[in-house]
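Enquirer: Supplied structure: coords.cif, mmCIF, C-alpha atoms.
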data_structure
#
loop_
_atom_site.label_atom_id
_atom_site.label_comp_id
_atom_site.auth_asym_id
_atom_site.auth_seq_id
_atom_site.Cartn_x
_atom_site.Cartn_y
_atom_site.Cartn_z
CA MET A 1118 0.00 0.00 0.00
CA SER A 1119 1.54 3.31 -1.05
CA GLU A 1120 -0.27 5.68 1.30
CA PRO A 1121 -0.28 4.87 5.03
CA LEU A 1122 -3.68 4.16 6.54
CA ARG A 1123 -5.44 6.77 8.55
CA GLY A 1124 -7.18 5.67 11.75
CA ILE A 1125 -10.42 7.44 12.56
CA VAL A 1126 -11.73 7.06 16.11
CA VAL A 1127 -15.46 7.82 16.32
CA SER A 1128 -17.10 8.08 19.73
CA HIS A 1129 -19.62 9.60 22.03
CA ALA A 1130 -18.61 12.85 23.73
CA GLY A 1131 -14.86 13.32 24.26
CA LEU A 1132 -13.79 9.67 24.32
CA ALA A 1133 -12.24 9.72 20.82
CA GLY A 1134 -10.08 12.72 21.63
CA ALA A 1135 -8.92 11.18 24.91
CA LEU A 1136 -8.04 7.88 23.22
CA VAL A 1137 -6.11 9.60 20.42
CA GLU A 1138 -4.22 11.79 22.91
CA ALA A 1139 -3.31 8.78 25.08
CA VAL A 1140 -2.11 6.74 22.08
CA GLU A 1141 -0.02 9.62 20.78
CA ARG A 1142 1.70 9.90 24.18
CA ILE A 1143 2.26 6.14 24.45
CA ALA A 1144 3.52 5.71 20.88
CA GLY A 1145 5.26 9.06 20.51
CA GLN A 1146 3.55 9.63 17.16
CA LYS A 1147 1.38 12.64 16.35
CA ASP A 1148 -0.03 11.48 13.03
CA GLY A 1149 -2.11 8.60 11.87
CA LEU A 1150 -5.17 9.00 14.10
CA VAL A 1151 -8.06 11.45 13.91
CA ALA A 1152 -10.71 11.88 16.61
CA VAL A 1153 -14.38 12.39 15.70
CA SER A 1154 -17.07 13.05 18.30
CA ASN A 1155 -20.83 12.79 17.92
CA GLU A 1156 -21.29 15.60 20.42
CA GLY A 1157 -23.83 18.21 19.35
CA CYS A 1158 -24.79 16.65 16.05
CA ASP A 1159 -27.37 14.45 14.39
CA ARG A 1160 -26.54 11.41 12.27
CA GLY A 1161 -26.24 13.43 9.07
CA LEU A 1162 -23.69 15.82 10.57
CA LEU A 1163 -21.82 12.89 12.12
CA GLU A 1164 -21.63 11.23 8.70
CA ASP A 1165 -20.17 14.50 7.37
CA ARG A 1166 -17.59 14.54 10.19
CA VAL A 1167 -16.56 10.96 9.43
CA ALA A 1168 -16.30 11.72 5.70
CA GLU A 1169 -14.17 14.80 6.38
CA ALA A 1170 -11.86 12.87 8.72
CA VAL A 1171 -11.34 10.05 6.20
CA GLY A 1172 -11.04 12.35 3.20
CA GLN A 1173 -9.60 10.47 0.23
CA HIS A 1174 -7.30 8.34 2.41
CA PRO A 1175 -7.45 4.60 2.94
CA ALA A 1176 -8.68 4.22 6.51
CA VAL A 1177 -9.81 2.08 9.38
CA VAL A 1178 -12.67 3.61 11.37
CA PHE A 1179 -12.75 2.54 15.02
CA VAL A 1180 -16.15 3.04 16.69
CA ASP A 1181 -16.66 3.07 20.46
CA LEU A 1182 -19.77 0.86 20.61
CA PRO A 1183 -21.13 -1.96 18.43
CA SER A 1184 -24.40 -0.05 17.94
CA GLY A 1185 -25.75 3.49 17.96
CA SER A 1186 -25.18 6.67 16.01
CA CYS A 1187 -21.39 6.39 15.75
CA LEU A 1188 -21.55 2.93 14.21
CA HIS A 1189 -24.46 3.77 11.91
CA ALA A 1190 -22.75 6.91 10.58
CA SER A 1191 -19.48 5.03 10.02
CA ALA A 1192 -21.16 2.02 8.42
CA HIS A 1193 -23.07 4.29 6.04
CA TYR A 1194 -19.80 5.86 4.90
CA PHE A 1195 -18.15 2.42 4.59
CA GLN A 1196 -20.89 1.20 2.23
CA THR A 1197 -19.91 3.75 -0.41
CA HIS A 1198 -16.11 3.71 -0.06
CA GLU A 1199 -13.86 0.78 -0.94
CA ASN A 1200 -10.68 1.71 0.95
CA VAL A 1201 -12.35 1.90 4.36
CA ALA A 1202 -12.91 -0.76 7.02
CA VAL A 1203 -14.96 -0.29 10.20
CA VAL A 1204 -14.21 -1.88 13.58
CA ALA A 1205 -16.96 -1.85 16.20
CA GLY A 1206 -15.12 -1.48 19.49
CA VAL A 1207 -11.83 0.21 20.32
CA SER A 1208 -9.07 0.06 22.91
CA LEU A 1209 -5.67 1.62 23.53
CA ALA A 1210 -3.98 -1.67 22.67
CA MET A 1211 -5.70 -1.78 19.28
CA LEU A 1212 -4.84 1.80 18.42
CA VAL A 1213 -1.18 1.59 19.48
CA ASP A 1214 -0.72 -1.56 17.39
CA PHE A 1215 -2.55 0.05 14.47
CA LEU A 1216 -0.04 2.94 14.35
CA TYR A 1217 2.79 0.48 13.70
CA HIS A 1218 0.94 -1.41 10.97
CA ARG A 1219 -0.44 1.35 8.76
CA ASP A 1220 1.11 -0.26 5.69
CA LEU A 1221 -1.56 -3.01 5.62
CA SER A 1222 -4.78 -2.93 3.64
CA PRO A 1223 -7.76 -1.50 5.54
CA ARG A 1224 -9.28 -4.97 5.96
CA ASP A 1225 -6.04 -6.56 7.15
CA ALA A 1226 -5.35 -3.70 9.56
CA ALA A 1227 -8.90 -3.94 10.92
CA GLU A 1228 -8.59 -7.70 11.45
CA ARG A 1229 -5.20 -7.26 13.12
CA ALA A 1230 -6.65 -4.58 15.42
CA VAL A 1231 -9.47 -6.89 16.50
CA GLN A 1232 -6.99 -9.71 17.18
CA THR A 1233 -4.75 -7.35 19.18
CA GLY A 1234 -7.69 -6.04 21.19
CA THR A 1235 -8.92 -9.55 21.91
CA ARG A 1236 -5.48 -10.73 23.07
CA ALA A 1237 -5.21 -7.72 25.38
CA LEU A 1238 -8.35 -8.65 27.32
CA ARG A 1239 -7.77 -10.44 30.63
CA VAL A 1240 -9.79 -11.36 33.69
CA LEU A 1241 -7.90 -11.14 36.96
CA SER A 1242 -9.70 -12.70 39.90
CA ARG A 1243 -9.10 -14.70 43.03
#
Can you give me the file's structure in the form of structure tokens?
Expert:
Amino acid sequence: MSEPLRGIVVSHAGLAGALVEAVERIAGQKDGLVAVSNEGCDRGLLEDRVAEAVGQHPAVVFVDLPSGSCLHASAHYFQTHENVAVVAGVSLAMLVDFLYHRDLSPRDAAERAVQTGTRALRVLSR
């Protein structure tokens, strides 16, 4: 892939911005991720925000919940654009790993992110 993937984090309220800021501090990289919030907008405006964030770049869109306005807006955009994959669910582990694998196709990067996020989950109990 000639152009590195862009990661778009779409969430309710300020979660996307907080995740992007945390990942940038952990990874030491200031590019590659864009935060999009649904705050103060309807689905149509949120779709516009997602479209603006993706632009003409190949991208993986990470959505905070597996339902709701953020997923619906992102899925609508995905249906009309070939170089975009959508992941329902997001974590710091997924986003940090994504930054180091932006040379993959959107689908491969999305699948890798899901695998990374799944491996990072643990239950600690007595």
Enquirer: Mind giving me the straight-line distance from CA of Val1213 in chain A to CA of Val1140 in chain A in Å, one decimal?
Expert: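 Between CA of Val1213 in chain A and CA of Val1140 in chain A the gap is 5.8 Å.
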Enquirer: Would you work out the distance separating CA of Leu1163 in chain A from CA of Ala1144 in chain A, expressed in Å to one decimal?
Expert: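 So the two atoms, CA of Leu1163 in chain A and CA of Ala1144 in chain A, lie 27.8 Å apart.
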Enquirer: Taking the file above as input, evaluate the PyMOL selection byres ((chain A and resi 1133) around 10) and report the hits as a PDB file with C-alpha atoms, in the frame of the given file.
Expert:
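New file selection-v9.pdb:
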ATOM      1  CA  ILE A1125     -10.420   7.440  12.560  1.00  0.00           C
ATOM      2  CA  VAL A1126     -11.730   7.060  16.110  1.00  0.00           C
ATOM      3  CA  VAL A1127     -15.460   7.820  16.320  1.00  0.00           C
ATOM      4  CA  SER A1128     -17.100   8.080  19.730  1.00  0.00           C
ATOM      5  CA  HIS A1129     -19.620   9.600  22.030  1.00  0.00           C
ATOM      6  CA  ALA A1130     -18.610  12.850  23.730  1.00  0.00           C
ATOM      7  CA  GLY A1131     -14.860  13.320  24.260  1.00  0.00           C
ATOM      8  CA  LEU A1132     -13.790   9.670  24.320  1.00  0.00           C
ATOM      9  CA  GLY A1134     -10.080  12.720  21.630  1.00  0.00           C
ATOM     10  CA  ALA A1135      -8.920  11.180  24.910  1.00  0.00           C
ATOM     11  CA  LEU A1136      -8.040   7.880  23.220  1.00  0.00           C
ATOM     12  CA  VAL A1137      -6.110   9.600  20.420  1.00  0.00           C
ATOM     13  CA  GLU A1138      -4.220  11.790  22.910  1.00  0.00           C
ATOM     14  CA  ALA A1139      -3.310   8.780  25.080  1.00  0.00           C
ATOM     15  CA  LEU A1150      -5.170   9.000  14.100  1.00  0.00           C
ATOM     16  CA  VAL A1151      -8.060  11.450  13.910  1.00  0.00           C
ATOM     17  CA  ALA A1152     -10.710  11.880  16.610  1.00  0.00           C
ATOM     18  CA  VAL A1153     -14.380  12.390  15.700  1.00  0.00           C
ATOM     19  CA  SER A1154     -17.070  13.050  18.300  1.00  0.00           C
ATOM     20  CA  ASN A1155     -20.830  12.790  17.920  1.00  0.00           C
ATOM     21  CA  PHE A1179     -12.750   2.540  15.020  1.00  0.00           C
ATOM     22  CA  VAL A1180     -16.150   3.040  16.690  1.00  0.00           C
ATOM     23  CA  ASP A1181     -16.660   3.070  20.460  1.00  0.00           C
ATOM     24  CA  VAL A1207     -11.830   0.210  20.320  1.00  0.00           C
TER      25      VAL A1207
END
Enquirer: Apply the PyMOL selection byres ((chain A and resi 1199) around 12) to the structure shown and report the selected residues as a ChimeraX atom specification.
Expert: /A:1171,1173-1177,1192,1194-1198,1200-1203,1222-1224
Enquirer: Interatomic distance between CA of Val1204 in chain A and CA of Asp1148 in chain A?
Expert: 19.5 Å
Enquirer: Applied to the shown file, which residues does the PyMOL selection byres ((chain A and resi 1217) around 12) return, written as number ranges by chain?
Expert: A: 1121-1124, 1140-1141, 1144-1146, 1148-1150, 1210-1216, 1218-1221, 1226, 1229-1230
